[in-house]
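Note sheet for the following structure.
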Amino acid sequence: MLYYLFNYLKSLNFSGSGMFQFITFRVTMALLLSLAISLLLGKRIVKYLQRKQIGETIRDLGLAGENSKKGTPTMGGLIILSSILIPTLLFAQIKTVYIWLMLLCTVWLGLIGFLDDYIKVFRKNKEGLAGKFKVLGQIGLGIIIGSTLYFNDNVVISREIIGGKKLAPYERTVNHQERVTKDGHRFADVKTPITTIPFVKNHEFNYAKLISWMGPGAEKYTFILYILIVIVIITAVSNGANLTDGLDGLATGVSAVIGVCLGVFAYVSGNIQFAEYLNIMYIPNLGELSIFIAAFVGACVGFLWYNAYPAQVFMGDTGSLALGGIIASIAIIVRKELLIPIFCGVFLIENLSVVLQVSYFKYTKKKYGEGRRIFKMSPLHHHYQKLGYHESKIAVRFWIVTIICAAVSIATLKMR
């Protein structure tokens with residue numbers, strides 16, 4: 001909103017209004033404001049939750065220190081959501097398709113998580129919102145995001161045109177305006193379902209190729225495959241973040257690091273000079289997404305002030321489902337979804353630990369009549385708690401692992 005206000009003031013030659021034209025300025029302001037909101041508003045919300053006795057119900061899992069967590073305020077994800085939404089609305093160009101998609105994702109999953117927490121806290125139902133309703137909500141969001149990214153003509157990439165417009169049958173130009181670089185290379189905005197493959201020289205992959213074997217014309221059904229892939233990614237990462245939110249500061253710190261990684265991807269992919277230098281896919285109009293990501297990182301870091309051990313507030317599903325969905329959606333938008341297993345390595349291993357534990361338990365129970373376990377407890381962070389590690393040490397080490405994963409992911413920009 002402020003962007004449009006100062007853009008109007010600039011037309012009136014208002015002094016200083018031109019600063020809002022610089023995306024670096026707006027990114028910085030979004031980061032600072034999100035930090036301020038999460039720190040200042042967070043304190044008020046924590047006190048309100050304590051006053052209303054909106055506390056977490058802790059299951060008896062036999063873990064060290066769990067009794068001390070009883071009554072700790074939950075639904076603190078409201079702090080994160082507020083700290084993301086307000087700076088984004090103030091400093092970003094709201095009309096940009098990527099921005100309103102991310103605003104929708106934040107509110108959508110935030111509401112699903114809020115309903116789950118509400119049922120747990122106020123209805124005293126430990127199970128919360130039925131799992132099928134959570135999955136339906138995630139599928140619905142996946143359909144909206146996948147359909148928008150596939151069909152909306154504002155979602156394009158810049159493709160070099162060599163010797164004429166030699167595009168694949170499943171690719172088309174959008175605005176029919178070409179861009180010519182200083183060295184004579186010609187580029188056009190192209191609509192195509194493409195992503196980035198890490199660690200290889202020819203690092204682009206088109207989803208249409210997955211069904212091209214079905215015969216001529218099969219590519220027109222690529223949208224079905226693409227939307228299904230988007231649904232799977234959003235559901236998996238969202239649930240991964242939800243499972244990771246089991247120790248003080250764990251999911252918050254991991255999400256902040258991943259946010260920085262995605263911020264780098266969004267900035268270089270949306271900047272034509274950096275994209276050309278790194279020889280990566282240039283995505284027009286992506287720069288505005290950096291503002292949302294800055295607010296996301298600031299919200300996580302600010303919330304960590306209250307969520308670090310010993311936690312004064314838990315984010316609940318209100319925050320964790322939204323964090324995972326945001327990360328998945330940004331990764332898809334910047335065409336780096338194939339890197340998710342790397343920079344979201346902690347979320348992935350937490351998910352896998354649960355799947356392996358449950359599957360192995362059922363298999364051994366059927367075969368031997370007694371269920372056996374791979375881990376002492378799942379998700380994985382509880383396994384280390386059972387081994388006697390303090391939860392703050394587990395959280396910090398998981399942060400370090402995420403930093404390493406993020407660094408490797410960023411290195412793939414040139415590691416081919």
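Going by the structure tokens order, chains are called A, B, ..., each with residues numbered from 1, while ligands are numbered from 1 in the order shown.
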
Could you give me, as a short mmCIF file (atom, residue, chain, number, x, y, z; two decimals) with N, CA, C and O atoms, in the first residue's frame, the residues within 7 Å of Asn239 in chain A, counting only C-alpha atoms and dropping anything in the same chain fewer than 4 positions from it?
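That gives us out-v2.cif:
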data_model
loop_
_atom_site.label_atom_id
_atom_site.label_comp_id
_atom_site.auth_asym_id
_atom_site.auth_seq_id
_atom_site.Cartn_x
_atom_site.Cartn_y
_atom_site.Cartn_z
N THR A 235 1.68 -30.32 0.50
CA THR A 235 1.22 -31.20 1.59
C THR A 235 2.40 -31.77 2.37
O THR A 235 2.41 -31.78 3.61
N LEU A 243 5.47 -31.53 11.85
CA LEU A 243 6.12 -32.57 12.65
C LEU A 243 7.38 -32.05 13.34
O LEU A 243 7.72 -32.48 14.44
N LEU A 321 1.86 -25.15 10.16
CA LEU A 321 1.30 -25.50 8.86
C LEU A 321 1.55 -24.39 7.84
O LEU A 321 1.89 -24.65 6.68
N GLY A 324 5.37 -24.27 6.67
CA GLY A 324 5.70 -25.29 5.67
C GLY A 324 5.09 -24.99 4.33
O GLY A 324 5.74 -25.14 3.28
#

### Task
Quick one: pick out all helix (DSSP H, G or I) residues within range 300-357 of chain A from a backbone DSSP run and write them as a PyMOL selection string.
chain A and resi 300-307+316-333+337-343+345-357

### Query
Which is closer to Arg179 in chain A than all the others in A:Gly240, A:Gly146, A:Gly76, A:Pro284, using only C-alpha atoms?
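Using only C-alpha atoms, the shortest distance to Arg179 in chain A belongs to A:Pro284.
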
### Task
Enumerate the residues of range 33-212 of chain A with a DSSP assignment of strand (DSSP E or B), computed from the backbone, and present them as an NGL selection string.
:A and (55 or 73 or 157-161 or 172-180 or 186-191 or 194-196 or 204-206)

How would the residues just chosen look if you wrote them out with C-alpha atoms as a compact mmCIF listing (two decimals), in the first residue's frame?
# COMPACT_ATOMS: atom_id res chain seq x y z
CA GLY A 55 -2.20 -23.20 27.18
CA PRO A 73 0.57 -20.49 25.74
CA ILE A 157 10.25 -17.15 -17.68
CA SER A 158 12.67 -15.38 -19.99
CA ARG A 159 13.76 -17.73 -22.77
CA GLU A 160 16.57 -17.06 -25.26
CA ILE A 161 15.39 -17.18 -28.85
CA ARG A 172 4.34 -20.13 -26.08
CA THR A 173 5.36 -16.50 -25.92
CA VAL A 174 3.14 -14.19 -23.90
CA ASN A 175 3.65 -10.50 -24.60
CA HIS A 176 5.46 -10.98 -27.94
CA GLN A 177 8.03 -8.36 -26.94
CA GLU A 178 11.65 -9.40 -27.23
CA ARG A 179 14.58 -8.19 -25.14
CA VAL A 180 17.96 -7.83 -26.82
CA ARG A 186 17.37 -12.17 -27.93
CA PHE A 187 14.97 -13.13 -25.15
CA ALA A 188 11.19 -13.42 -24.93
CA ASP A 189 8.72 -14.06 -22.08
CA VAL A 190 7.62 -17.66 -22.41
CA LYS A 191 4.82 -19.60 -20.73
CA ILE A 194 9.65 -25.72 -16.37
CA THR A 195 11.85 -26.18 -13.32
CA THR A 196 15.54 -26.29 -12.41
CA GLU A 204 16.26 -27.07 -16.96
CA PHE A 205 13.53 -29.71 -17.05
CA ASN A 206 10.06 -29.37 -18.54

Contact residues around range 403-414 of chain A with only C-alpha atoms at 8 Å, ignoring same-chain residues under 3 positions, as a PDB file with C-alpha atoms, in the first residue's frame:
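Okay, result-v2.pdb is ready:
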ATOM      1  CA  PRO A 198      20.478 -29.085  -9.599  1.00  0.00           C
ATOM      2  CA  PHE A 199      24.049 -30.219 -10.249  1.00  0.00           C
ATOM      3  CA  VAL A 257      17.381 -20.392   7.623  1.00  0.00           C
ATOM      4  CA  ILE A 258      15.348 -21.870   4.764  1.00  0.00           C
ATOM      5  CA  CYS A 261      18.063 -19.507   1.244  1.00  0.00           C
ATOM      6  CA  VAL A 264      18.715 -15.598  -2.292  1.00  0.00           C
ATOM      7  CA  PHE A 265      17.035 -17.697  -4.990  1.00  0.00           C
ATOM      8  CA  LEU A 278      24.999 -17.037 -13.032  1.00  0.00           C
ATOM      9  CA  ILE A 280      20.236 -19.312 -14.435  1.00  0.00           C
ATOM     10  CA  LEU A 339      16.082 -28.687  -4.314  1.00  0.00           C
ATOM     11  CA  ILE A 342      18.272 -30.547   0.267  1.00  0.00           C
ATOM     12  CA  PHE A 343      17.368 -27.207   1.877  1.00  0.00           C
ATOM     13  CA  CYS A 344      14.338 -28.768   3.604  1.00  0.00           C
ATOM     14  CA  GLY A 345      16.444 -31.740   4.656  1.00  0.00           C
ATOM     15  CA  TRP A 399      19.771 -25.408  12.742  1.00  0.00           C
ATOM     16  CA  ILE A 400      23.409 -26.082  11.864  1.00  0.00           C
TER      17      ILE A 400
END

### Shell of 10 Å around Arg26 in chain A, only C-alpha atoms, local chain residues under 4 positions omitted, as an MDAnalysis selection string
chainID A and resid 2:3 19:22 30:32 87:88 90:92 288 290:291 294

#### Entry: 10 Å contact set for Val354 in chain A, only C-alpha atoms, chain neighbours under 2 positions out, as a ChimeraX atom specification
/A:240,243,349-352,356-360,374-375,377-380

### Task
Could you jot down the CA of Leu141 in chain A to CA of Lys126 in chain A separation for me, Å, one decimal place?
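The value is 25.3 Å.
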
### Message
For a test of reading the model, state the distance in Å between CA of Ala299 in chain A and CA of Ser34 in chain A, rounded to one decimal.
### Response
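Between CA of Ala299 in chain A and CA of Ser34 in chain A the gap is 5.3 Å.
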